[in-house]
file input27.cif (mmCIF, C-alpha atoms and all ligand atoms)
data_protein
loop_
_atom_site.label_atom_id
_atom_site.label_comp_id
_atom_site.auth_asym_id
_atom_site.auth_seq_id
_atom_site.Cartn_x
_atom_site.Cartn_y
_atom_site.Cartn_z
CA MET A 1 157.03 133.50 47.07
CA GLU A 2 160.19 135.38 47.80
CA LYS A 3 162.47 134.70 50.73
CA ILE A 4 162.69 137.94 52.71
CA PHE A 5 164.72 136.48 55.57
CA GLY A 6 167.01 133.47 55.63
CA ARG A 7 170.47 132.24 56.48
CA SER A 8 173.19 134.51 55.15
CA LYS A 9 175.79 133.28 52.67
CA GLY A 10 178.32 134.33 55.28
CA LEU A 11 177.26 131.33 57.39
CA THR A 12 177.89 127.67 56.68
CA ASP A 13 175.21 125.03 57.07
CA VAL A 14 176.61 123.93 60.44
CA PRO A 15 174.37 124.56 63.48
CA PHE A 16 176.02 126.68 66.17
CA SER A 17 177.53 124.81 69.09
CA PHE A 18 176.09 127.30 71.60
CA CYS A 19 173.59 126.45 74.32
CA PRO A 20 169.89 127.10 73.53
CA GLY A 21 169.12 130.82 73.69
CA CYS A 22 172.77 131.94 73.85
CA THR A 23 173.06 135.26 72.04
CA HIS A 24 176.53 134.47 70.66
CA GLY A 25 174.49 133.16 67.71
CA ILE A 26 172.74 136.48 67.07
CA ILE A 27 176.10 138.26 66.95
CA MET A 28 177.51 135.69 64.52
CA ARG A 29 174.48 136.11 62.27
CA LEU A 30 174.94 139.89 62.23
CA ILE A 31 178.62 139.59 61.28
CA ALA A 32 177.81 137.06 58.54
CA GLU A 33 175.14 139.35 57.10
CA VAL A 34 177.53 142.31 57.14
CA LEU A 35 180.20 140.27 55.30
CA GLU A 36 177.60 139.36 52.68
CA GLU A 37 176.20 142.88 52.35
CA LEU A 38 179.67 144.39 51.93
CA ASP A 39 180.55 141.58 49.51
CA ILE A 40 183.72 140.68 51.41
CA ILE A 41 183.14 137.03 52.36
CA GLU A 42 185.92 135.88 50.01
CA ASP A 43 188.30 138.60 51.18
CA THR A 44 187.86 138.12 54.90
CA ILE A 45 189.97 136.23 57.41
CA GLY A 46 188.47 135.82 60.87
CA VAL A 47 190.45 134.95 63.98
CA SER A 48 188.71 132.79 66.56
CA PRO A 49 189.36 132.94 70.29
CA VAL A 50 189.42 130.37 73.05
CA GLY A 51 186.01 130.13 74.69
CA CYS A 52 182.54 129.26 73.50
CA ALA A 53 183.29 130.96 70.17
CA GLY A 54 186.34 128.77 69.64
CA PHE A 55 184.55 126.86 66.91
CA SER A 56 183.80 130.01 64.85
CA GLN A 57 185.66 128.61 61.84
CA ASP A 58 182.95 125.97 61.47
CA PHE A 59 180.15 128.53 61.27
CA PHE A 60 181.46 131.28 58.97
CA SER A 61 182.05 130.74 55.28
CA CYS A 62 185.07 133.07 55.18
CA ASP A 63 188.60 131.91 56.02
CA PHE A 64 189.58 131.53 59.67
CA VAL A 65 192.60 131.11 61.89
CA GLY A 66 192.44 129.90 65.48
CA ALA A 67 194.46 131.80 68.08
CA ALA A 68 195.70 130.87 71.54
CA HIS A 69 193.70 132.28 74.44
CA GLY A 70 193.62 136.09 74.32
CA ARG A 71 195.96 136.32 71.32
CA ALA A 72 193.46 136.77 68.50
CA GLN A 73 194.41 140.42 68.00
CA ALA A 74 198.13 139.60 67.86
CA VAL A 75 197.41 136.93 65.24
CA GLY A 76 195.07 139.34 63.44
CA THR A 77 197.80 142.00 63.43
CA GLY A 78 200.22 139.58 61.78
CA ILE A 79 197.72 138.55 59.14
CA LYS A 80 196.72 142.12 58.30
CA ARG A 81 200.29 143.37 58.09
CA SER A 82 201.34 140.55 55.78
CA LEU A 83 198.12 140.58 53.74
CA PRO A 84 196.97 144.21 53.90
CA ASP A 85 194.35 143.72 51.20
CA LYS A 86 192.44 141.22 53.33
CA ILE A 87 189.71 142.16 55.79
CA VAL A 88 190.69 140.80 59.19
CA PHE A 89 188.43 140.52 62.22
CA THR A 90 188.67 138.93 65.64
CA TYR A 91 185.69 137.51 67.52
CA GLN A 92 186.41 137.22 71.24
CA GLY A 93 184.66 136.68 74.53
CA ASP A 94 185.17 139.11 77.40
CA GLY A 95 187.31 136.56 79.24
CA ASP A 96 189.48 136.16 76.17
CA ILE A 97 189.95 139.83 75.29
CA ALA A 98 189.58 141.56 78.67
CA ALA A 99 191.41 139.10 80.96
CA ILE A 100 194.20 137.01 79.44
CA GLY A 101 194.28 139.19 76.30
CA THR A 102 194.15 142.66 77.90
CA GLN A 103 197.62 143.64 76.69
CA HIS A 104 196.59 143.01 73.08
CA ALA A 105 193.27 144.79 73.58
CA ILE A 106 195.21 147.90 74.62
CA HIS A 107 198.16 147.74 72.26
CA THR A 108 196.25 146.73 69.14
CA ALA A 109 194.20 149.88 69.65
CA ALA A 110 197.23 151.99 70.57
CA ARG A 111 199.01 150.88 67.40
CA GLY A 112 195.94 151.65 65.35
CA GLU A 113 196.04 148.24 63.68
CA LYS A 114 193.68 148.31 60.72
CA ILE A 115 191.58 145.39 61.91
CA THR A 116 188.11 144.97 63.40
CA SER A 117 187.56 143.39 66.82
CA ILE A 118 184.24 142.20 68.17
CA MET A 119 184.01 141.52 71.91
CA VAL A 120 181.15 139.42 73.27
CA ASN A 121 180.57 140.51 76.86
CA ASN A 122 178.51 138.05 78.91
CA ALA A 123 180.16 139.13 82.18
CA ILE A 124 181.53 135.66 82.75
CA PHE A 125 183.88 132.91 81.53
CA GLY A 126 181.26 130.86 79.70
CA MET A 127 183.03 127.82 78.36
CA THR A 128 184.90 126.88 81.52
CA GLY A 129 181.88 126.93 83.81
CA GLY A 130 180.92 130.48 84.64
CA GLN A 131 183.90 131.81 86.58
CA MET A 132 184.22 135.49 87.45
CA ALA A 133 185.67 137.61 84.63
CA PRO A 134 187.05 141.18 84.72
CA THR A 135 183.64 142.19 83.34
CA THR A 136 181.61 140.50 86.11
CA LEU A 137 179.34 143.04 87.77
CA GLU A 138 179.64 144.15 91.38
CA GLY A 139 177.71 141.72 93.56
CA MET A 140 177.24 139.23 90.71
CA LYS A 141 177.36 135.60 91.80
CA THR A 142 179.56 133.33 89.71
CA SER A 143 181.13 129.94 90.34
CA THR A 144 184.25 131.67 91.73
CA SER A 145 182.40 134.48 93.50
CA PRO A 146 179.58 132.54 95.17
CA TYR A 147 178.78 135.44 97.50
CA GLY A 148 178.88 137.97 94.70
CA ARG A 149 181.80 139.96 93.27
CA ASN A 150 183.33 141.93 96.09
CA ILE A 151 184.94 145.17 94.94
CA GLY A 152 187.24 145.23 97.99
CA THR A 153 188.90 141.93 97.09
CA ASN A 154 188.10 141.52 93.38
CA GLY A 155 188.27 145.10 92.13
CA TYR A 156 185.94 146.90 89.74
CA PRO A 157 184.54 145.64 86.43
CA ILE A 158 186.51 146.72 83.37
CA ASP A 159 184.58 148.65 80.72
CA LEU A 160 186.87 147.77 77.83
CA PRO A 161 185.25 149.86 75.08
CA LYS A 162 185.55 152.97 77.26
CA LEU A 163 189.21 152.20 77.88
CA VAL A 164 189.94 151.55 74.22
CA ALA A 165 188.08 154.69 73.14
CA ASN A 166 190.75 156.73 74.93
CA LEU A 167 193.48 155.47 72.65
CA GLU A 168 194.42 157.51 69.60
CA GLY A 169 194.65 154.54 67.21
CA ALA A 170 191.07 153.44 67.84
CA VAL A 171 188.96 155.39 65.37
CA TYR A 172 185.61 153.70 65.90
CA VAL A 173 184.40 152.26 69.20
CA ALA A 174 180.82 151.19 69.88
CA SER A 175 179.04 149.47 72.74
CA VAL A 176 175.88 147.65 71.73
CA SER A 177 173.49 144.98 72.98
CA VAL A 178 171.46 142.14 71.45
CA ASP A 179 168.69 141.92 74.06
CA SER A 180 165.85 143.21 71.84
CA PRO A 181 164.97 143.43 68.13
CA LYS A 182 165.68 147.17 68.17
CA ASN A 183 169.06 146.79 69.84
CA ILE A 184 169.95 143.88 67.54
CA ASN A 185 169.40 146.11 64.51
CA GLN A 186 171.43 148.85 66.17
CA ALA A 187 174.22 146.34 66.85
CA LYS A 188 174.30 145.37 63.19
CA LYS A 189 174.76 149.00 62.14
CA ALA A 190 177.76 149.34 64.49
CA ILE A 191 179.31 146.08 63.28
CA LYS A 192 178.86 147.16 59.68
CA LYS A 193 180.55 150.47 60.35
CA ALA A 194 183.43 148.70 62.08
CA PHE A 195 184.06 146.73 58.88
CA GLN A 196 183.65 149.80 56.66
CA VAL A 197 186.28 151.57 58.75
CA GLN A 198 188.67 148.76 57.91
CA GLN A 199 187.71 148.78 54.22
CA ALA A 200 188.62 152.48 54.20
CA GLY A 201 191.89 151.71 56.03
CA LEU A 202 191.18 154.26 58.75
CA GLY A 203 192.43 152.49 61.89
CA PHE A 204 191.33 150.16 64.65
CA ALA A 205 187.58 149.52 64.98
CA PHE A 206 186.09 147.93 68.07
CA VAL A 207 182.55 146.83 68.90
CA SER A 208 181.62 145.45 72.30
CA VAL A 209 178.35 143.51 72.39
CA LEU A 210 176.43 142.78 75.59
CA SER A 211 175.42 139.13 75.36
CA THR A 212 173.75 136.46 77.51
CA CYS A 213 174.96 133.20 79.04
CA PRO A 214 171.73 131.47 80.12
CA THR A 215 173.59 128.31 81.14
CA ASN A 216 176.02 129.87 83.60
CA TRP A 217 173.70 132.64 84.72
CA GLY A 218 171.23 129.92 85.63
CA LEU A 219 168.35 131.68 83.88
CA THR A 220 166.03 130.89 80.99
CA PRO A 221 166.97 132.51 77.65
CA SER A 222 164.14 134.98 78.09
CA ASP A 223 165.00 135.87 81.69
CA SER A 224 168.62 136.25 80.60
CA MET A 225 167.61 138.98 78.16
CA LYS A 226 165.81 140.73 80.98
CA TRP A 227 168.74 140.30 83.35
CA LEU A 228 171.11 141.79 80.77
CA ARG A 229 168.81 144.78 80.33
CA GLU A 230 168.33 145.41 84.02
CA ASN A 231 171.85 144.70 85.25
CA MET A 232 174.42 145.05 82.49
CA MET A 233 173.00 147.96 80.55
CA PRO A 234 173.16 150.44 83.46
CA VAL A 235 176.86 149.57 83.98
CA TYR A 236 178.07 149.32 80.38
CA GLU A 237 176.96 152.46 78.59
CA LEU A 238 175.61 151.79 75.11
CA GLY A 239 176.25 153.90 72.04
CA GLU A 240 178.99 154.97 69.67
CA LEU A 241 181.65 155.85 72.22
CA LYS A 242 184.09 157.16 69.65
CA VAL A 243 183.69 158.19 66.05
CA ALA A 244 186.88 159.86 64.83
CA GLU A 245 186.57 162.77 62.40
CA GLU A 246 187.65 160.66 59.41
CA VAL A 247 185.00 158.01 60.24
CA LYS A 248 182.14 160.52 60.33
CA SER A 249 182.16 160.92 56.55
CA LEU A 250 181.80 157.15 55.90
CA MET B 251 150.12 141.86 50.98
CA SER B 252 150.00 142.60 47.23
CA ASP B 253 152.09 140.46 44.90
CA GLY B 254 152.29 143.30 42.41
CA LYS B 255 150.04 141.42 40.00
CA GLY B 256 146.76 142.26 41.63
CA GLY B 257 146.77 139.18 43.89
CA PHE B 258 147.62 138.72 47.54
CA VAL B 259 150.59 136.88 48.96
CA MET B 260 150.45 135.77 52.57
CA PRO B 261 153.73 136.01 54.44
CA LYS B 262 154.93 132.68 55.73
CA VAL B 263 157.28 131.71 58.53
CA ASN B 264 159.38 128.57 58.09
CA VAL B 265 161.34 127.03 60.99
CA LEU B 266 164.40 125.04 59.94
CA ASP B 267 164.18 122.08 62.32
CA LYS B 268 167.85 121.23 62.01
CA PHE B 269 168.86 124.53 63.63
CA CYS B 270 166.08 125.13 66.18
CA LYS B 271 167.03 124.57 69.84
CA SER B 272 163.62 125.30 71.31
CA CYS B 273 164.89 128.32 73.26
CA GLU B 274 161.45 129.94 72.89
CA LEU B 275 162.79 133.45 72.35
CA CYS B 276 160.80 133.74 69.10
CA ILE B 277 157.55 132.75 70.81
CA GLU B 278 157.77 135.64 73.19
CA VAL B 279 158.48 138.38 70.64
CA CYS B 280 155.97 137.41 67.94
CA PRO B 281 153.36 140.22 67.94
CA LYS B 282 150.71 137.82 66.65
CA LYS B 283 151.46 135.10 69.22
CA ILE B 284 151.36 132.37 66.58
CA LEU B 285 154.56 130.49 67.43
CA ALA B 286 154.61 127.54 69.82
CA VAL B 287 156.75 124.57 70.79
CA GLY B 288 155.73 121.66 68.54
CA ASP B 289 155.37 118.00 69.43
CA LYS B 290 158.17 116.71 67.19
CA ALA B 291 161.78 116.52 68.28
CA ASN B 292 164.69 117.04 65.88
CA ALA B 293 167.77 114.78 65.74
CA LYS B 294 169.26 116.55 68.77
CA GLY B 295 166.07 116.07 70.78
CA TYR B 296 164.82 119.65 70.68
CA PHE B 297 161.07 120.07 70.25
CA THR B 298 161.09 122.54 67.41
CA ILE B 299 158.84 125.53 66.89
CA VAL B 300 155.67 125.47 64.80
CA CYS B 301 153.37 128.19 63.52
CA THR B 302 149.88 127.69 64.94
CA ASP B 303 148.04 130.04 62.58
CA GLU B 304 149.80 130.74 59.27
CA GLU B 305 147.06 133.12 58.16
CA LYS B 306 147.98 135.56 60.87
CA CYS B 307 151.71 135.98 60.08
CA ILE B 308 152.47 139.55 58.99
CA GLY B 309 156.04 138.83 57.88
CA CYS B 310 157.51 141.30 60.39
CA LYS B 311 160.71 139.21 60.80
CA ILE B 312 160.89 139.93 64.54
CA CYS B 313 161.06 136.21 65.34
CA ALA B 314 163.95 135.75 62.91
CA THR B 315 165.73 138.81 64.29
CA VAL B 316 165.95 137.36 67.80
CA CYS B 317 166.51 133.70 66.84
CA PRO B 318 170.02 132.93 68.09
CA ASP B 319 170.33 129.87 65.87
CA VAL B 320 169.26 131.45 62.59
CA ALA B 321 166.55 128.81 62.33
CA ILE B 322 163.81 130.99 60.87
CA GLU B 323 163.07 131.86 57.26
CA ILE B 324 160.36 134.29 56.21
CA TYR B 325 158.70 134.25 52.80
CA LYS B 326 156.43 136.85 51.32
C1 LIG C 1 196.09 129.69 78.17
C2 LIG C 1 194.73 129.24 78.61
N1 LIG C 1 194.28 129.60 79.82
C3 LIG C 1 193.04 129.22 80.23
C4 LIG C 1 192.24 128.47 79.40
C5 LIG C 1 190.86 128.04 79.89
N2 LIG C 1 189.78 128.80 79.25
C6 LIG C 1 189.11 128.30 78.20
S1 LIG C 1 187.85 129.28 77.70
C7 LIG C 1 188.18 130.39 78.94
C8 LIG C 1 187.36 131.64 79.14
C9 LIG C 1 186.38 131.95 78.08
O1 LIG C 1 185.56 132.99 78.48
P1 LIG C 1 185.13 134.13 77.48
O2 LIG C 1 186.27 134.65 76.71
O3 LIG C 1 184.38 135.15 78.27
O4 LIG C 1 184.20 133.41 76.41
P2 LIG C 1 182.81 132.68 76.54
O5 LIG C 1 183.14 131.23 76.72
O6 LIG C 1 182.08 133.28 77.72
O7 LIG C 1 182.14 132.98 75.25
C10 LIG C 1 189.26 129.98 79.71
C11 LIG C 1 189.76 130.71 80.88
C12 LIG C 1 192.76 128.11 78.13
N3 LIG C 1 192.05 127.38 77.27
N4 LIG C 1 193.99 128.51 77.76
S1 LIG C 2 178.16 128.46 78.19
FE1 LIG C 2 177.17 130.47 78.07
S2 LIG C 2 178.32 131.63 76.52
FE2 LIG C 2 178.83 129.46 76.28
S3 LIG C 2 177.45 128.69 74.71
FE3 LIG C 2 176.51 128.26 76.70
S4 LIG C 2 175.21 130.02 77.12
FE4 LIG C 2 176.62 130.63 75.48
S1 LIG C 3 157.19 137.10 61.02
FE1 LIG C 3 156.26 138.28 62.70
S2 LIG C 3 154.13 137.60 62.75
FE2 LIG C 3 155.21 136.10 61.51
S3 LIG C 3 155.77 134.49 62.97
FE3 LIG C 3 157.51 135.91 62.88
S4 LIG C 3 157.17 137.36 64.53
FE4 LIG C 3 155.22 136.28 64.19
S1 LIG C 4 164.27 131.45 68.54
FE1 LIG C 4 165.03 130.06 66.96
S2 LIG C 4 166.10 128.41 68.06
FE2 LIG C 4 164.84 129.53 69.55
S3 LIG C 4 162.92 128.40 69.59
FE3 LIG C 4 162.62 130.01 68.10
S4 LIG C 4 163.21 129.09 66.12
FE4 LIG C 4 163.98 127.73 67.72
#
call {"tool": "encode", "arguments": {"input": "input27.cif", "output": "structure tokens"}}
result
Amino acid sequence: MEKIFGRSKGLTDVPFSFCPGCTHGIIMRLIAEVLEELDIIEDTIGVSPVGCAGFSQDFFSCDFVGAAHGRAQAVGTGIKRSLPDKIVFTYQGDGDIAAIGTQHAIHTAARGEKITSIMVNNAIFGMTGGQMAPTTLEGMKTSTSPYGRNIGTNGYPIDLPKLVANLEGAVYVASVSVDSPKNINQAKKAIKKAFQVQQAGLGFAFVSVLSTCPTNWGLTPSDSMKWLRENMMPVYELGELKVAEEVKSL
Amino acid sequence: MSDGKGGFVMPKVNVLDKFCKSCELCIEVCPKKILAVGDKANAKGYFTIVCTDEEKCIGCKICATVCPDVAIEIYK
């Protein structure tokens, strides 16, 4: 019998530290499979964030560096500029990249740094107990917005991929979701392209992934998938938001 | 499924107990409805998933695609 599905070589043998049903794990699997398929595990340096993905270095079999909160892209920039032959990616939660790290999210793209950034958007600060994030939806209840996010006092949610897509240096920007088998396969295609863009040295590549947080949303893993579909997907438009001319021929 | 030698190979699903967290996402998506929570707990205390009717598995990999803990292997 032949194994037609199993754990990628891009992953270690360490179980993820995520809560049961948390889709962070699906996204990590997809990245690991892409690293294996492109045969770049040995050439890749990941940068981990602060948040639930802060233990990424334990789960991937490539090299890793840990960054301070929100600074993964600054660290990634330094690594890539000093070791241009390496493949560098950051893996960051929405709180990490779209709150404390917003300046890097904008300027890394504006500078066209030749790295790949993956944002995991669960509309909340997961690790610290489900506080409101810039990505929290209007009316969404969190531990710091118990009556629901109020636009008048808390402002509007930030759609980071749309923002980044406006910047010249970002050559590939995609918004994907991992709520269903079909969307998971779609997400993998986008992640793969974001790494191929870097292999070709074309510019900054960014993929935002809609993800669940069953623990802080207070829902079962299955209901979380449904909640994501019904509430996040209408707000955060899915698709390839930007494919620069030079990326189209990849 | 043909094994290319004139015989038939049944697809098989294998749950890696060490990784399974009993989130039940695989149970829901399996088109053949042959996955269920088992009666044995792993070292972390999660009651891991079992296949209730191996004959029926079609090797579609949908369970493995949604498994957030990469706890499923499929053989064919
Ligand atoms: C400088 C600094 N400020 C605040 C924190 C507290 N903190 C830890 S994780 C986190 C937010 C993580 O949320 P997110 O990036 O959305 O990731 P998730 O945990 O949801 O995957 C915060 C605010 C910190 N560790 N360091
Ligand atoms: S707190 Fe939320 S984001 Fe963090 S591991 Fe648990 S479910 Fe996932
Ligand atoms: S491979 Fe398909 S049929 Fe077999 S257990 Fe998984 S989901 Fe069910
Ligand atoms: S999806 Fe994976 S972790 Fe969740 S119950 Fe099924 S095998 Fe276990």
call {"tool": "residues_near_point", "arguments": {"input": "input27.cif", "point": "(162.8, 132.6, 60.1)", "cutoff": "10 Å", "atoms": "all atoms listed in the file", "output": "list of chain:residue names"}}
result
A:Lys3, A:Ile4, A:Phe5, A:Gly6, A:Arg7, B:Lys262, B:Val263, B:Asn264, B:Val265, B:Leu266, B:Cys276, B:Gly309, B:Lys311, B:Ile312, B:Cys313, B:Ala314, B:Thr315, B:Val316, B:Cys317, B:Asp319, B:Val320, B:Ala321, B:Ile322, B:Glu323, B:Ile324, B:Tyr325
call {"tool": "interface_residues", "arguments": {"input": "input27.cif", "of": "chain A", "to": "chain B", "cutoff": "10 Å", "atoms": "all atoms listed in the file", "output": "mmCIF file with C-alpha atoms, keeping the file's coordinate frame"}}
result
data_model
loop_
_atom_site.group_PDB
_atom_site.id
_atom_site.type_symbol
_atom_site.label_atom_id
_atom_site.label_comp_id
_atom_site.auth_asym_id
_atom_site.auth_seq_id
_atom_site.Cartn_x
_atom_site.Cartn_y
_atom_site.Cartn_z
ATOM 1 C CA MET A 1 157.030 133.500 47.070
ATOM 2 C CA GLU A 2 160.190 135.380 47.800
ATOM 3 C CA LYS A 3 162.470 134.700 50.730
ATOM 4 C CA ILE A 4 162.690 137.940 52.710
ATOM 5 C CA PHE A 5 164.720 136.480 55.570
ATOM 6 C CA GLY A 6 167.010 133.470 55.630
ATOM 7 C CA ARG A 7 170.470 132.240 56.480
ATOM 8 C CA SER A 8 173.190 134.510 55.150
ATOM 9 C CA LEU A 11 177.260 131.330 57.390
ATOM 10 C CA ASP A 13 175.210 125.030 57.070
ATOM 11 C CA VAL A 14 176.610 123.930 60.440
ATOM 12 C CA PRO A 15 174.370 124.560 63.480
ATOM 13 C CA PHE A 16 176.020 126.680 66.170
ATOM 14 C CA SER A 17 177.530 124.810 69.090
ATOM 15 C CA PHE A 18 176.090 127.300 71.600
ATOM 16 C CA CYS A 19 173.590 126.450 74.320
ATOM 17 C CA PRO A 20 169.890 127.100 73.530
ATOM 18 C CA GLY A 21 169.120 130.820 73.690
ATOM 19 C CA CYS A 22 172.770 131.940 73.850
ATOM 20 C CA THR A 23 173.060 135.260 72.040
ATOM 21 C CA HIS A 24 176.530 134.470 70.660
ATOM 22 C CA GLY A 25 174.490 133.160 67.710
ATOM 23 C CA ILE A 26 172.740 136.480 67.070
ATOM 24 C CA ILE A 27 176.100 138.260 66.950
ATOM 25 C CA MET A 28 177.510 135.690 64.520
ATOM 26 C CA ARG A 29 174.480 136.110 62.270
ATOM 27 C CA LEU A 30 174.940 139.890 62.230
ATOM 28 C CA VAL A 178 171.460 142.140 71.450
ATOM 29 C CA ASP A 179 168.690 141.920 74.060
ATOM 30 C CA SER A 180 165.850 143.210 71.840
ATOM 31 C CA PRO A 181 164.970 143.430 68.130
ATOM 32 C CA LYS A 182 165.680 147.170 68.170
ATOM 33 C CA ILE A 184 169.950 143.880 67.540
ATOM 34 C CA ASN A 185 169.400 146.110 64.510
ATOM 35 C CA THR A 220 166.030 130.890 80.990
ATOM 36 C CA PRO A 221 166.970 132.510 77.650
ATOM 37 C CA SER A 222 164.140 134.980 78.090
ATOM 38 C CA ASP A 223 165.000 135.870 81.690
ATOM 39 C CA MET A 225 167.610 138.980 78.160
#
call {"tool": "residues_around", "arguments": {"input": "input27.cif", "residues": "Ser208 in chain A", "least_positions_apart": "4", "cutoff": "7 Å", "atoms": "only C-alpha atoms", "output": "list of chain:residue names"}}
result
A:Ile118, A:Met119, A:Val120, A:Asn121, A:Pro161, A:Ala174, A:Ser175, A:Val176
call {"tool": "residues_near_ligand", "arguments": {"input": "input27.cif", "ligand": "ligand LIG 1 (chain C)", "cutoff": "9 Å", "atoms": "all atoms listed in the file", "output": "VMD selection string"}}
result
chain A and resid 24 49 to 54 68 to 70 92 to 100 119 to 131 133 135 212 to 213
call {"tool": "residues_around", "arguments": {"input": "input27.cif", "residues": "Glu245 in chain A", "least_positions_apart": "2", "cutoff": "12 Å", "atoms": "all atoms listed in the file", "output": "list of chain:residue names"}}
result
A:Glu168, A:Ala170, A:Val171, A:Tyr172, A:Val197, A:Leu202, A:Gly203, A:Lys242, A:Val243, A:Val247, A:Lys248, A:Ser249, A:Leu250
call {"tool": "axis_aligned_box", "arguments": {"input": "input27.cif", "around": "ligand LIG 4 (chain C)", "padding_each_side": "8 Å", "output": "JSON"}}
result
{"center_x": 164.4, "center_y": 129.6, "center_z": 67.9, "size_x": 19.5, "size_y": 19.7, "size_z": 19.5}
call {"tool": "residues_around", "arguments": {"input": "input27.cif", "residues": "range 300-304 of chain B", "least_positions_apart": "6", "cutoff": "6 Å", "atoms": "all atoms listed in the file", "output": "count of residues only"}}
result
4
call {"tool": "atom_distance", "arguments": {"input": "input27.cif", "atom1": "CA of Gln196 in chain A", "atom2": "CA of Val34 in chain A"}}
result
9.7 Å
call {"tool": "decode", "arguments": {"input": "input27.cif", "residues": "range 315-326 of chain B", "atoms": "N, CA and C atoms", "output": "tab-separated table (two decimals), in the first residue's frame"}}
result
chain	number	residue	atom	x	y	z
B	315	THR	N	-7.61	16.68	4.62
B	315	THR	CA	-7.51	18.07	4.17
B	315	THR	C	-7.96	19.04	5.27
B	316	VAL	N	-9.00	18.69	5.99
B	316	VAL	CA	-9.50	19.62	7.03
B	316	VAL	C	-8.85	19.39	8.40
B	317	CYS	N	-8.15	18.28	8.60
B	317	CYS	CA	-7.59	18.01	9.93
B	317	CYS	C	-6.57	19.08	10.31
B	318	PRO	N	-6.84	19.86	11.34
B	318	PRO	CA	-5.94	20.95	11.70
B	318	PRO	C	-4.66	20.45	12.38
B	319	ASP	N	-4.63	19.20	12.78
B	319	ASP	CA	-3.46	18.70	13.49
B	319	ASP	C	-2.66	17.67	12.69
B	320	VAL	N	-2.95	17.61	11.41
B	320	VAL	CA	-2.23	16.73	10.49
B	320	VAL	C	-2.11	15.33	11.09
B	321	ALA	N	-3.23	14.82	11.58
B	321	ALA	CA	-3.26	13.55	12.30
B	321	ALA	C	-3.76	12.41	11.43
B	322	ILE	N	-3.99	12.67	10.15
B	322	ILE	CA	-4.57	11.63	9.30
B	322	ILE	C	-3.64	11.25	8.15
B	323	GLU	N	-3.46	9.95	8.00
B	323	GLU	CA	-2.73	9.42	6.84
B	323	GLU	C	-3.72	8.62	6.01
B	324	ILE	N	-3.52	8.65	4.69
B	324	ILE	CA	-4.38	7.85	3.81
B	324	ILE	C	-3.47	6.95	2.97
B	325	TYR	N	-3.83	5.69	2.92
B	325	TYR	CA	-3.09	4.72	2.11
B	325	TYR	C	-4.00	4.18	1.01
B	326	LYS	N	-3.38	3.81	-0.09
B	326	LYS	CA	-4.17	3.29	-1.20
B	326	LYS	C	-3.43	2.14	-1.87
